[in-house]
>>> print(open('model09.tsv').read())   # TSV, C-alpha atoms
chain	number	residue	atom	x	y	z
B	1249	MET	CA	-38.50	32.10	-52.11
B	1250	ALA	CA	-36.75	35.45	-52.22
B	1251	ALA	CA	-39.07	38.29	-53.20
B	1252	GLY	CA	-37.44	40.13	-56.07
B	1253	SER	CA	-35.42	37.14	-57.33
B	1254	ALA	CA	-34.83	36.79	-61.06
B	1255	GLY	CA	-37.16	33.78	-61.09
B	1256	LEU	CA	-40.12	36.04	-60.41
B	1257	LYS	CA	-39.68	38.25	-63.48
B	1258	ASP	CA	-43.04	38.32	-65.28
B	1259	ALA	CA	-43.80	34.80	-63.99
B	1260	THR	CA	-47.04	35.91	-62.35
B	1261	ALA	CA	-49.71	38.50	-62.91
B	1262	ILE	CA	-52.45	40.34	-61.05
B	1263	VAL	CA	-55.70	39.40	-62.79
B	1264	GLY	CA	-58.37	40.65	-60.41
B	1265	ILE	CA	-58.91	43.62	-58.10
B	1266	GLY	CA	-61.76	44.53	-55.79
B	1267	GLN	CA	-62.65	47.08	-53.18
B	1268	THR	CA	-65.45	48.24	-50.92
B	1269	PRO	CA	-66.56	51.84	-50.69
B	1270	PHE	CA	-64.30	54.09	-48.61
B	1271	ALA	CA	-65.67	56.25	-45.81
B	1272	ARG	CA	-64.81	57.69	-42.44
B	1273	ARG	CA	-67.29	55.24	-40.94
B	1274	LEU	CA	-68.74	52.09	-42.52
B	1275	PRO	CA	-71.34	49.95	-40.69
B	1276	GLU	CA	-69.84	46.56	-41.57
B	1277	ASP	CA	-67.14	44.85	-39.50
B	1278	GLU	CA	-63.67	44.24	-40.90
B	1279	ARG	CA	-64.32	40.58	-41.77
B	1280	THR	CA	-67.40	41.47	-43.81
B	1281	LEU	CA	-65.49	44.19	-45.63
B	1282	ALA	CA	-62.64	41.77	-46.32
B	1283	CYS	CA	-64.99	39.17	-47.78
B	1284	ARG	CA	-66.67	41.73	-50.02
B	1285	ALA	CA	-63.36	42.99	-51.41
B	1286	VAL	CA	-62.01	39.47	-51.97
B	1287	LEU	CA	-65.14	38.20	-53.69
B	1288	ALA	CA	-65.21	41.29	-55.89
B	1289	ALA	CA	-61.58	40.68	-56.91
B	1290	LEU	CA	-62.28	37.03	-57.75
B	1291	ASP	CA	-65.32	38.03	-59.79
B	1292	ASP	CA	-63.18	40.60	-61.59
B	1293	ALA	CA	-60.74	37.82	-62.48
B	1294	GLY	CA	-63.45	35.30	-63.39
B	1295	ILE	CA	-62.10	32.79	-60.85
B	1296	ALA	CA	-64.28	30.79	-58.46
B	1297	PRO	CA	-63.56	31.10	-54.71
B	1298	GLY	CA	-63.03	27.34	-54.47
B	1299	GLU	CA	-59.91	27.65	-56.64
B	1300	VAL	CA	-58.07	29.91	-54.17
B	1301	ASP	CA	-55.20	28.05	-52.49
B	1302	ALA	CA	-52.95	30.89	-51.27
B	1303	LEU	CA	-53.45	33.95	-49.08
B	1304	ALA	CA	-51.24	36.84	-48.00
B	1305	SER	CA	-51.96	39.82	-45.79
B	1306	TYR	CA	-50.50	41.99	-43.03
B	1307	THR	CA	-49.74	41.06	-39.43
B	1308	MET	CA	-51.98	44.00	-38.49
B	1309	GLU	CA	-54.91	42.44	-40.40
B	1310	GLU	CA	-57.67	41.45	-37.94
B	1311	THR	CA	-59.35	38.97	-40.33
B	1312	ASP	CA	-57.34	35.75	-40.25
B	1313	GLU	CA	-56.95	33.07	-42.90
B	1314	VAL	CA	-59.37	30.61	-41.27
B	1315	GLU	CA	-62.19	33.16	-41.05
B	1316	LEU	CA	-61.72	34.38	-44.60
B	1317	ALA	CA	-61.39	30.90	-46.10
B	1318	LYS	CA	-64.59	29.67	-44.46
B	1319	ALA	CA	-66.63	32.78	-45.17
B	1320	CYS	CA	-65.60	33.01	-48.84
B	1321	GLY	CA	-65.69	29.28	-49.61
B	1322	PHE	CA	-62.04	28.69	-50.50
B	1323	GLY	CA	-60.66	25.20	-51.19
B	1324	ASP	CA	-57.62	23.66	-49.51
B	1325	LEU	CA	-54.97	26.28	-48.78
B	1326	THR	CA	-51.36	25.31	-49.49
B	1327	PHE	CA	-49.72	28.65	-48.77
B	1328	PHE	CA	-50.47	31.57	-46.45
B	1329	SER	CA	-48.33	34.34	-45.03
B	1330	LYS	CA	-48.52	37.64	-43.18
B	1331	VAL	CA	-46.18	40.58	-43.65
B	1332	GLY	CA	-45.23	42.86	-40.78
B	1333	PHE	CA	-45.02	46.60	-40.32
B	1334	GLY	CA	-48.34	48.00	-41.46
B	1335	GLY	CA	-47.90	50.26	-44.46
B	1336	GLY	CA	-44.57	48.65	-45.34
B	1337	GLY	CA	-46.27	45.35	-46.09
B	1338	SER	CA	-48.61	46.22	-48.95
B	1339	CYS	CA	-46.42	45.30	-51.93
B	1340	ALA	CA	-44.86	42.39	-50.06
B	1341	THR	CA	-48.20	40.58	-49.85
B	1342	VAL	CA	-48.26	40.42	-53.65
B	1343	ALA	CA	-44.58	39.46	-53.73
B	1344	HIS	CA	-45.18	36.56	-51.35
B	1345	LEU	CA	-47.99	35.23	-53.54
B	1346	ALA	CA	-45.87	35.67	-56.66
B	1347	GLY	CA	-43.07	33.67	-55.06
B	1348	ALA	CA	-45.44	30.91	-53.94
B	1349	ILE	CA	-47.04	30.59	-57.36
B	1350	ALA	CA	-43.77	30.80	-59.30
B	1351	SER	CA	-42.29	28.03	-57.12
B	1352	GLY	CA	-45.30	25.75	-57.45
B	1353	GLN	CA	-46.59	26.08	-53.89
B	1354	ALA	CA	-49.95	27.43	-55.05
B	1355	SER	CA	-51.89	28.39	-58.16
B	1356	VAL	CA	-54.40	31.11	-57.20
B	1357	GLY	CA	-53.44	33.67	-54.57
B	1358	VAL	CA	-55.40	36.43	-52.88
B	1359	ALA	CA	-53.88	39.38	-51.03
B	1360	TRP	CA	-56.10	41.74	-49.08
B	1361	ARG	CA	-56.32	44.47	-46.47
B	1362	SER	CA	-59.45	45.32	-44.49
B	1363	ARG	CA	-59.34	48.16	-42.01
B	1364	LYS	CA	-61.57	50.35	-39.90
B	1365	ARG	CA	-59.07	53.10	-39.15
B	1366	GLY	CA	-61.64	55.86	-39.59
B	1367	SER	CA	-64.08	54.58	-36.99
B	1368	GLY	CA	-61.64	52.43	-35.00
B	1369	PRO	CA	-58.90	53.18	-32.45
B	1370	ARG	CA	-55.40	54.47	-33.20
B	1371	PRO	CA	-52.74	51.79	-32.59
B	1372	TRP	CA	-50.61	54.06	-30.38
B	1373	THR	CA	-53.41	55.11	-28.01
B	1374	ASN	CA	-53.37	51.97	-25.86
B	1375	THR	CA	-51.48	53.03	-22.75
B	1376	ALA	CA	-52.31	49.87	-20.82
B	1377	VAL	CA	-49.61	47.81	-22.51
B	1378	GLN	CA	-45.85	48.13	-22.14
B	1379	LEU	CA	-44.17	50.14	-24.88
B	1380	PRO	CA	-42.40	48.03	-27.50
B	1381	THR	CA	-38.64	48.48	-27.32
B	1382	PRO	CA	-38.31	50.95	-30.25
B	1383	ALA	CA	-41.03	53.19	-28.78
B	1384	GLN	CA	-39.13	53.42	-25.50
B	1385	TRP	CA	-36.62	55.57	-27.40
B	1386	THR	CA	-39.21	57.89	-28.92
B	1387	ARG	CA	-42.46	58.29	-27.03
B	1388	PRO	CA	-41.01	59.44	-23.69
B	1389	TYR	CA	-39.38	62.28	-25.65
B	1390	GLY	CA	-42.53	63.57	-27.29
B	1391	LEU	CA	-42.66	61.51	-30.48
B	1392	LEU	CA	-46.03	60.01	-29.62
B	1393	ARG	CA	-47.48	59.37	-33.08
B	1394	PRO	CA	-46.06	58.43	-36.47
B	1395	VAL	CA	-46.61	62.02	-37.62
B	1396	ASP	CA	-44.32	63.28	-34.86
B	1397	GLU	CA	-41.54	60.96	-35.98
B	1398	ILE	CA	-41.90	61.87	-39.66
B	1399	ALA	CA	-42.06	65.56	-38.74
B	1400	MET	CA	-38.61	65.25	-37.21
B	1401	LEU	CA	-37.24	63.69	-40.40
B	1402	ALA	CA	-39.01	66.34	-42.48
B	1403	ARG	CA	-37.46	69.15	-40.45
B	1404	ARG	CA	-34.00	67.68	-40.92
B	1405	TYR	CA	-34.62	67.22	-44.65
B	1406	MET	CA	-35.77	70.82	-45.02
B	1407	HIS	CA	-32.75	72.05	-43.06
B	1408	GLU	CA	-30.19	70.04	-45.01
B	1409	TYR	CA	-31.55	70.41	-48.54
B	1410	GLY	CA	-33.63	73.57	-48.58
B	1411	ALA	CA	-36.95	71.87	-49.22
B	1412	THR	CA	-39.95	74.04	-48.39
B	1413	ARG	CA	-43.59	73.70	-47.50
B	1414	ASP	CA	-44.36	74.55	-51.13
B	1415	HIS	CA	-42.68	71.29	-52.11
B	1416	LEU	CA	-44.83	69.39	-49.63
B	1417	PHE	CA	-47.87	71.21	-50.98
B	1418	ASN	CA	-46.98	70.04	-54.49
B	1419	VAL	CA	-47.32	66.45	-53.27
B	1420	ALA	CA	-50.59	67.08	-51.46
B	1421	LEU	CA	-52.00	68.96	-54.45
B	1422	ALA	CA	-51.12	66.27	-56.98
B	1423	CYS	CA	-52.86	63.64	-54.86
B	1424	ARG	CA	-55.90	65.86	-54.30
B	1425	ASN	CA	-56.18	66.73	-57.99
B	1426	ARG	CA	-56.29	63.04	-58.87
B	1427	ALA	CA	-58.84	62.35	-56.12
B	1428	ASN	CA	-61.01	65.09	-57.61
B	1429	GLN	CA	-61.21	62.88	-60.72
B	1430	ASN	CA	-62.00	59.69	-58.78
B	1431	PRO	CA	-65.62	59.24	-57.63
B	1432	ALA	CA	-64.53	56.54	-55.15
B	1433	ALA	CA	-62.14	58.91	-53.35
B	1434	ILE	CA	-63.12	60.43	-50.03
B	1435	MET	CA	-61.86	63.80	-51.28
B	1436	TYR	CA	-63.56	63.52	-54.68
B	1437	ASP	CA	-65.57	66.73	-54.32
B	1438	ARG	CA	-63.12	68.70	-52.16
B	1439	PRO	CA	-60.49	70.67	-54.12
B	1440	LEU	CA	-57.34	71.88	-52.37
B	1441	THR	CA	-55.77	75.32	-52.78
B	1442	ARG	CA	-52.41	76.68	-51.68
B	1443	GLU	CA	-54.14	79.08	-49.30
B	1444	MET	CA	-56.06	76.22	-47.68
B	1445	TYR	CA	-52.83	74.29	-47.26
B	1446	MET	CA	-50.74	77.16	-45.89
B	1447	THR	CA	-53.37	78.28	-43.37
B	1448	SER	CA	-54.41	74.85	-42.12
B	1449	ARG	CA	-53.67	73.79	-38.55
B	1450	TRP	CA	-50.45	72.12	-37.56
B	1451	ILE	CA	-50.57	68.42	-36.75
B	1452	SER	CA	-46.87	68.19	-35.92
B	1453	GLU	CA	-44.83	71.12	-37.19
B	1454	PRO	CA	-43.69	71.41	-39.99
B	1455	LEU	CA	-46.50	69.05	-41.07
B	1456	CYS	CA	-49.99	70.49	-41.36
B	1457	LEU	CA	-53.40	68.87	-41.74
B	1458	PHE	CA	-52.97	68.28	-45.47
B	1459	ASP	CA	-49.57	66.61	-45.05
B	1460	ASN	CA	-51.33	63.73	-43.31
B	1461	CYS	CA	-53.18	60.76	-44.75
B	1462	LEU	CA	-56.89	60.19	-44.26
B	1463	GLU	CA	-58.52	58.08	-41.55
B	1464	THR	CA	-60.54	55.52	-43.47
B	1465	ASP	CA	-62.74	52.44	-43.24
B	1466	GLY	CA	-62.57	50.11	-46.24
B	1467	ALA	CA	-61.07	46.99	-47.79
B	1468	LEU	CA	-59.26	46.00	-50.99
B	1469	ALA	CA	-57.99	42.78	-52.54
B	1470	CYS	CA	-56.19	41.42	-55.59
B	1471	VAL	CA	-55.82	38.03	-57.24
B	1472	VAL	CA	-52.47	36.66	-58.45
B	1473	VAL	CA	-51.96	33.69	-60.82
B	1474	SER	CA	-49.21	32.39	-63.09
B	1475	GLY	CA	-48.42	34.32	-66.24
B	1476	GLU	CA	-49.59	31.36	-68.29
B	1477	ARG	CA	-52.99	31.20	-66.61
B	1478	ALA	CA	-53.33	34.98	-66.68
B	1479	ARG	CA	-53.76	34.91	-70.43
B	1480	ASP	CA	-57.06	33.05	-70.00
B	1481	CYS	CA	-58.54	35.26	-67.28
B	1482	ARG	CA	-61.34	37.77	-67.70
B	1483	ARG	CA	-59.21	40.90	-67.46
B	1484	ARG	CA	-56.02	42.12	-69.09
B	1485	PRO	CA	-53.15	40.77	-66.95
B	1486	VAL	CA	-50.74	43.06	-65.14
B	1487	TYR	CA	-47.42	41.29	-64.70
B	1488	VAL	CA	-45.26	41.37	-61.58
B	1489	HIS	CA	-41.97	42.24	-63.26
B	1490	SER	CA	-39.90	42.74	-60.11
B	1491	ALA	CA	-40.50	42.83	-56.37
B	1492	ALA	CA	-38.49	43.62	-53.27
B	1493	GLN	CA	-38.63	43.82	-49.50
B	1494	SER	CA	-36.25	45.81	-47.35
B	1495	LEU	CA	-35.18	45.87	-43.72
B	1496	PRO	CA	-31.93	47.87	-43.67
B	1497	ALA	CA	-29.15	47.18	-41.20
B	1498	GLN	CA	-29.58	48.87	-37.81
B	1499	HIS	CA	-33.03	50.10	-38.74
B	1500	HIS	CA	-35.20	51.93	-36.19
B	1501	GLY	CA	-38.73	52.52	-37.45
B	1502	MET	CA	-39.53	56.02	-38.74
B	1503	VAL	CA	-36.69	57.87	-37.04
B	1504	ASN	CA	-33.67	55.81	-38.20
B	1505	TYR	CA	-31.82	56.75	-35.02
B	1506	TRP	CA	-28.93	54.34	-35.47
B	1507	ASN	CA	-28.20	54.93	-39.15
B	1508	ASP	CA	-25.30	57.10	-40.22
B	1509	ASP	CA	-27.81	58.99	-42.36
B	1510	PRO	CA	-31.42	58.96	-41.11
B	1511	LEU	CA	-32.63	60.34	-44.44
B	1512	THR	CA	-31.43	57.24	-46.29
B	1513	GLY	CA	-34.34	55.02	-45.38
B	1514	PRO	CA	-35.58	51.56	-46.40
B	1515	ALA	CA	-36.54	52.80	-49.89
B	1516	TRP	CA	-32.88	52.93	-50.85
B	1517	THR	CA	-32.32	49.28	-49.91
B	1518	ALA	CA	-35.53	48.12	-51.57
B	1519	ALA	CA	-34.70	50.06	-54.73
B	1520	ARG	CA	-31.30	48.43	-55.17
B	1521	HIS	CA	-32.91	45.00	-55.04
B	1522	LEU	CA	-35.88	45.98	-57.20
B	1523	TRP	CA	-33.83	47.41	-60.07
B	1524	LYS	CA	-31.20	44.67	-59.84
B	1525	HIS	CA	-33.80	42.09	-60.87
B	1526	ALA	CA	-35.59	44.22	-63.45
B	1527	ASP	CA	-35.10	44.81	-67.16
B	1528	LEU	CA	-36.28	48.39	-66.56
B	1529	THR	CA	-34.84	51.52	-64.96
B	1530	PRO	CA	-36.48	54.53	-63.27
B	1531	GLU	CA	-36.46	56.27	-66.67
B	1532	ASP	CA	-38.78	53.56	-68.00
B	1533	VAL	CA	-41.50	54.10	-65.37
B	1534	ASP	CA	-44.60	55.75	-66.83
B	1535	VAL	CA	-46.52	56.27	-63.58
B	1536	ALA	CA	-45.84	55.69	-59.88
B	1537	GLN	CA	-47.98	54.96	-56.85
B	1538	ILE	CA	-45.77	56.17	-54.00
B	1539	TYR	CA	-46.73	55.51	-50.40
B	1540	ASP	CA	-48.02	58.77	-48.97
B	1541	ALA	CA	-49.04	58.44	-45.35
B	1542	PHE	CA	-47.23	61.80	-45.06
B	1543	THR	CA	-46.10	64.14	-47.84
B	1544	PRO	CA	-42.35	64.07	-46.96
B	1545	LEU	CA	-42.29	60.31	-47.59
B	1546	VAL	CA	-42.88	60.99	-51.28
B	1547	LEU	CA	-39.81	63.24	-51.48
B	1548	LEU	CA	-37.67	60.62	-49.74
B	1549	SER	CA	-39.02	57.87	-52.01
B	1550	LEU	CA	-38.42	59.84	-55.21
B	1551	GLU	CA	-34.76	59.91	-54.23
B	1552	GLY	CA	-34.58	56.38	-52.88
B	1553	TYR	CA	-36.04	54.80	-56.02
B	1554	GLY	CA	-33.76	56.81	-58.28
B	1555	PHE	CA	-36.01	59.39	-59.93
B	1556	CYS	CA	-33.75	62.21	-58.79
B	1557	GLY	CA	-30.51	62.79	-56.91
B	1558	ARG	CA	-29.95	63.01	-53.19
B	1559	GLY	CA	-31.59	66.13	-51.76
B	1560	GLU	CA	-33.41	66.84	-55.03
B	1561	GLY	CA	-36.81	65.40	-54.06
B	1562	GLY	CA	-38.26	68.80	-53.27
B	1563	ALA	CA	-37.12	70.42	-56.51
B	1564	PHE	CA	-38.35	67.40	-58.48
B	1565	THR	CA	-41.95	68.25	-57.53
B	1566	GLU	CA	-41.81	71.70	-59.12
B	1567	GLY	CA	-43.50	72.66	-62.39
B	1568	GLY	CA	-46.30	70.11	-62.12
B	1569	ALA	CA	-43.89	67.16	-62.31
B	1570	LEU	CA	-46.21	64.92	-60.26
B	1571	GLU	CA	-49.34	65.77	-62.24
B	1572	ILE	CA	-50.72	64.02	-65.32
B	1573	GLY	CA	-48.44	65.06	-68.18
B	1574	GLY	CA	-45.57	65.77	-65.78
B	1575	LEU	CA	-42.24	64.01	-65.38
B	1576	LEU	CA	-43.73	61.32	-63.12
B	1577	PRO	CA	-47.48	61.26	-62.46
B	1578	VAL	CA	-48.05	59.88	-58.98
B	1579	ASN	CA	-50.91	58.46	-56.91
B	1580	THR	CA	-53.41	58.73	-59.70
B	1581	GLY	CA	-56.34	57.56	-57.59
B	1582	GLY	CA	-55.61	60.12	-54.88
B	1583	GLY	CA	-53.39	57.96	-52.68
B	1584	GLY	CA	-53.52	57.76	-48.92
B	1585	LEU	CA	-53.69	61.54	-48.72
B	1586	SER	CA	-56.88	61.98	-50.71
B	1587	GLU	CA	-58.47	58.68	-51.84
B	1588	ALA	CA	-58.31	56.45	-48.76
B	1589	TYR	CA	-55.76	55.23	-46.25
B	1590	VAL	CA	-55.86	51.45	-46.14
B	1591	HIS	CA	-52.19	50.82	-45.43
B	1592	GLY	CA	-51.28	51.47	-49.04
B	1593	PHE	CA	-53.22	48.66	-50.70
B	1594	ASN	CA	-55.15	51.15	-52.84
B	1595	LEU	CA	-51.82	52.05	-54.46
B	1596	VAL	CA	-51.48	48.44	-55.64
B	1597	THR	CA	-54.96	48.35	-57.14
B	1598	GLU	CA	-54.51	51.78	-58.73
B	1599	GLY	CA	-51.32	50.55	-60.37
B	1600	VAL	CA	-53.32	47.71	-61.89
B	1601	LYS	CA	-55.98	50.13	-63.13
B	1602	GLN	CA	-53.36	52.29	-64.82
B	1603	LEU	CA	-51.87	49.36	-66.71
B	1604	ARG	CA	-55.33	48.12	-67.69
B	1605	GLY	CA	-56.12	51.60	-68.96
B	1606	THR	CA	-59.11	51.98	-66.62
B	1607	SER	CA	-57.93	54.61	-64.13
B	1608	THR	CA	-60.10	57.67	-63.52
B	1609	ALA	CA	-56.94	59.71	-64.15
B	1610	GLN	CA	-55.38	57.62	-66.88
B	1611	VAL	CA	-51.80	58.27	-67.96
B	1612	PRO	CA	-51.87	57.88	-71.75
B	1613	GLY	CA	-50.09	54.73	-72.90
B	1614	ALA	CA	-48.95	53.71	-69.40
B	1615	ALA	CA	-47.14	50.37	-69.63
B	1616	THR	CA	-45.00	50.38	-66.46
B	1617	CYS	CA	-45.88	51.34	-62.89
B	1618	LEU	CA	-43.83	51.46	-59.71
B	1619	VAL	CA	-45.78	50.82	-56.51
B	1620	THR	CA	-44.11	51.43	-53.16
B	1621	ALA	CA	-44.98	50.63	-49.58
B	1622	GLY	CA	-44.27	52.70	-46.48
B	1623	GLU	CA	-40.98	54.57	-46.41
B	1624	GLY	CA	-39.46	54.93	-42.94
B	1625	VAL	CA	-40.44	51.40	-41.94
B	1626	PRO	CA	-39.43	47.95	-43.22
B	1627	THR	CA	-40.82	48.25	-46.71
B	1628	SER	CA	-41.56	46.61	-50.05
B	1629	ALA	CA	-42.09	47.57	-53.68
B	1630	LEU	CA	-43.47	46.23	-56.93
B	1631	LEU	CA	-42.58	46.99	-60.51
B	1632	LEU	CA	-45.64	46.20	-62.63
B	1633	ARG	CA	-45.91	46.08	-66.41
B	1634	SER	CA	-48.70	45.47	-68.90
>>> encode(input="model09.tsv", output="structure tokens")
Amino acid sequence: MAAGSAGLKDATAIVGIGQTPFARRLPEDERTLACRAVLAALDDAGIAPGEVDALASYTMEETDEVELAKACGFGDLTFFSKVGFGGGGSCATVAHLAGAIASGQASVGVAWRSRKRGSGPRPWTNTAVQLPTPAQWTRPYGLLRPVDEIAMLARRYMHEYGATRDHLFNVALACRNRANQNPAAIMYDRPLTREMYMTSRWISEPLCLFDNCLETDGALACVVVSGERARDCRRRPVYVHSAAQSLPAQHHGMVNYWNDDPLTGPAWTAARHLWKHADLTPEDVDVAQIYDAFTPLVLLSLEGYGFCGRGEGGAFTEGGALEIGGLLPVNTGGGGLSEAYVHGFNLVTEGVKQLRGTSTAQVPGAATCLVTAGEGVPTSALLLRS
């Protein structure tokens, strides 16, 4: 069951999506939030919980299959999987379900992510446990948080290719502008200006406050079925045209220490596989949901997935290219920077909304959407079509 294989092309579809409210602090626990998002997605699809026989989530998900299946009233499960590496796993959860359904292992799959990152602890703050091996090469040298690691890559990118903070601002602004159209976004009523961006405090230079994703509580889910069954579901199906996962050779999370070129990250490997098994090219993509835990990741992903040449990610953002009506509208719900940060799952559901024609910042006539997971870590991607 190789995610991205030719056998997956349009064989399955996302037919239901659901989410809880997003906030810095929600009173419910993660299991309750997970159940609410999953049941909302099933209701959206018009499928009873007892028909679910496949589950996929992240290794960092605290709600396990047994808890979710009992609480939601699922039937017998015949497939379940978990994908590693946090933000890199979002698209892969859908890919795993697509593979299971296309190969006959299951018929109704649910992928979900529930997280209390706003009110909960940061993963890297636990000093009582031994550092994992990769962190032994970063944290003793001052790279304590993911933002510190990405800041180092950003500085190198700016040095080598002349990218500027204005280019990073273009990313932050596009996401904020779309959030200002989305009532569910945490930043719905908070516009961003260039002055606000340029005078905000550093988090890890050259990355400022607005280069960083939000800290959010919330949960999301989606339902995947065969393309044949999708035609009979309640909502317009969104087909999984192509999918990919990527763990490049000699990879070292975030910093890519051992690669000949640290700025050629997992996106490049995922993109080769994604486009290889697609009937589409980057030129055919109407809208993109690009993982945006940090603004520089969008520049790196624009290059990795083939929307511009090497070193041209910064220049690509100029002239409103990422806005509605631009060359490539991105993160039309606000993304991790301005809607919510739930390890990228809101990018998957926003991609579905765009292809249904129900987004709060709808791209006219959108028929294809690229969704990416975390760049800088083992990653995944989906190419969706209506």
>>> closest_residue(input="model09.tsv", among="B:Val1600, B:Val1358, B:Val1331, B:Leu1256", to="Ser1494 of chain B", atoms="all atoms listed in the file")
B:Val1331
>>> residues_near_point(input="model09.tsv", point="(-62.5, 54.4, -51.5)", cutoff="10 Å", atoms="all atoms listed in the file", output="PyMOL selection string")
chain B and resi 1267-1272+1427+1430-1436+1464-1468+1581-1584+1586-1590+1594
>>> write_last_selection(input="model09.tsv", atoms="C-alpha atoms", output="PDB file, in the coordinates of the input")
ATOM      1  CA  GLN B1267     -62.650  47.080 -53.180  1.00  0.00           C
ATOM      2  CA  THR B1268     -65.450  48.240 -50.920  1.00  0.00           C
ATOM      3  CA  PRO B1269     -66.560  51.840 -50.690  1.00  0.00           C
ATOM      4  CA  PHE B1270     -64.300  54.090 -48.610  1.00  0.00           C
ATOM      5  CA  ALA B1271     -65.670  56.250 -45.810  1.00  0.00           C
ATOM      6  CA  ARG B1272     -64.810  57.690 -42.440  1.00  0.00           C
ATOM      7  CA  ALA B1427     -58.840  62.350 -56.120  1.00  0.00           C
ATOM      8  CA  ASN B1430     -62.000  59.690 -58.780  1.00  0.00           C
ATOM      9  CA  PRO B1431     -65.620  59.240 -57.630  1.00  0.00           C
ATOM     10  CA  ALA B1432     -64.530  56.540 -55.150  1.00  0.00           C
ATOM     11  CA  ALA B1433     -62.140  58.910 -53.350  1.00  0.00           C
ATOM     12  CA  ILE B1434     -63.120  60.430 -50.030  1.00  0.00           C
ATOM     13  CA  MET B1435     -61.860  63.800 -51.280  1.00  0.00           C
ATOM     14  CA  TYR B1436     -63.560  63.520 -54.680  1.00  0.00           C
ATOM     15  CA  THR B1464     -60.540  55.520 -43.470  1.00  0.00           C
ATOM     16  CA  ASP B1465     -62.740  52.440 -43.240  1.00  0.00           C
ATOM     17  CA  GLY B1466     -62.570  50.110 -46.240  1.00  0.00           C
ATOM     18  CA  ALA B1467     -61.070  46.990 -47.790  1.00  0.00           C
ATOM     19  CA  LEU B1468     -59.260  46.000 -50.990  1.00  0.00           C
ATOM     20  CA  GLY B1581     -56.340  57.560 -57.590  1.00  0.00           C
ATOM     21  CA  GLY B1582     -55.610  60.120 -54.880  1.00  0.00           C
ATOM     22  CA  GLY B1583     -53.390  57.960 -52.680  1.00  0.00           C
ATOM     23  CA  GLY B1584     -53.520  57.760 -48.920  1.00  0.00           C
ATOM     24  CA  SER B1586     -56.880  61.980 -50.710  1.00  0.00           C
ATOM     25  CA  GLU B1587     -58.470  58.680 -51.840  1.00  0.00           C
ATOM     26  CA  ALA B1588     -58.310  56.450 -48.760  1.00  0.00           C
ATOM     27  CA  TYR B1589     -55.760  55.230 -46.250  1.00  0.00           C
ATOM     28  CA  VAL B1590     -55.860  51.450 -46.140  1.00  0.00           C
ATOM     29  CA  ASN B1594     -55.150  51.150 -52.840  1.00  0.00           C
TER      30      ASN B1594
END
>>> residues_around(input="model09.tsv", residues="Leu1345 of chain B", least_positions_apart="3", cutoff="7 Å", atoms="only C-alpha atoms", output="ChimeraX atom specification")
/B:1302,1304,1341-1342,1348-1349,1357,1472
>>> write_last_selection(input="model09.tsv", atoms="C-alpha atoms", output="PDB file, in the coordinates of the input")
ATOM      1  CA  ALA B1302     -52.950  30.890 -51.270  1.00  0.00           C
ATOM      2  CA  ALA B1304     -51.240  36.840 -48.000  1.00  0.00           C
ATOM      3  CA  THR B1341     -48.200  40.580 -49.850  1.00  0.00           C
ATOM      4  CA  VAL B1342     -48.260  40.420 -53.650  1.00  0.00           C
ATOM      5  CA  ALA B1348     -45.440  30.910 -53.940  1.00  0.00           C
ATOM      6  CA  ILE B1349     -47.040  30.590 -57.360  1.00  0.00           C
ATOM      7  CA  GLY B1357     -53.440  33.670 -54.570  1.00  0.00           C
ATOM      8  CA  VAL B1472     -52.470  36.660 -58.450  1.00  0.00           C
TER       9      VAL B1472
END
>>> residues_around(input="model09.tsv", residues="Leu1545 of chain B", least_positions_apart="2", cutoff="12 Å", atoms="all atoms listed in the file", output="PyMOL selection string")
chain B and resi 1335+1394-1395+1397-1399+1401-1402+1405+1415-1416+1419-1420+1455+1459-1461+1502+1511-1515+1538-1543+1547-1553+1561-1562+1584-1585+1620-1625
>>> write_last_selection(input="model09.tsv", atoms="C-alpha atoms", output="compact mmCIF listing (two decimals), in the coordinates of the input")
# COMPACT_ATOMS: atom_id res chain seq x y z
CA GLY B 1335 -47.90 50.26 -44.46
CA PRO B 1394 -46.06 58.43 -36.47
CA VAL B 1395 -46.61 62.02 -37.62
CA GLU B 1397 -41.54 60.96 -35.98
CA ILE B 1398 -41.90 61.87 -39.66
CA ALA B 1399 -42.06 65.56 -38.74
CA LEU B 1401 -37.24 63.69 -40.40
CA ALA B 1402 -39.01 66.34 -42.48
CA TYR B 1405 -34.62 67.22 -44.65
CA HIS B 1415 -42.68 71.29 -52.11
CA LEU B 1416 -44.83 69.39 -49.63
CA VAL B 1419 -47.32 66.45 -53.27
CA ALA B 1420 -50.59 67.08 -51.46
CA LEU B 1455 -46.50 69.05 -41.07
CA ASP B 1459 -49.57 66.61 -45.05
CA ASN B 1460 -51.33 63.73 -43.31
CA CYS B 1461 -53.18 60.76 -44.75
CA MET B 1502 -39.53 56.02 -38.74
CA LEU B 1511 -32.63 60.34 -44.44
CA THR B 1512 -31.43 57.24 -46.29
CA GLY B 1513 -34.34 55.02 -45.38
CA PRO B 1514 -35.58 51.56 -46.40
CA ALA B 1515 -36.54 52.80 -49.89
CA ILE B 1538 -45.77 56.17 -54.00
CA TYR B 1539 -46.73 55.51 -50.40
CA ASP B 1540 -48.02 58.77 -48.97
CA ALA B 1541 -49.04 58.44 -45.35
CA PHE B 1542 -47.23 61.80 -45.06
CA THR B 1543 -46.10 64.14 -47.84
CA LEU B 1547 -39.81 63.24 -51.48
CA LEU B 1548 -37.67 60.62 -49.74
CA SER B 1549 -39.02 57.87 -52.01
CA LEU B 1550 -38.42 59.84 -55.21
CA GLU B 1551 -34.76 59.91 -54.23
CA GLY B 1552 -34.58 56.38 -52.88
CA TYR B 1553 -36.04 54.80 -56.02
CA GLY B 1561 -36.81 65.40 -54.06
CA GLY B 1562 -38.26 68.80 -53.27
CA GLY B 1584 -53.52 57.76 -48.92
CA LEU B 1585 -53.69 61.54 -48.72
CA THR B 1620 -44.11 51.43 -53.16
CA ALA B 1621 -44.98 50.63 -49.58
CA GLY B 1622 -44.27 52.70 -46.48
CA GLU B 1623 -40.98 54.57 -46.41
CA GLY B 1624 -39.46 54.93 -42.94
CA VAL B 1625 -40.44 51.40 -41.94
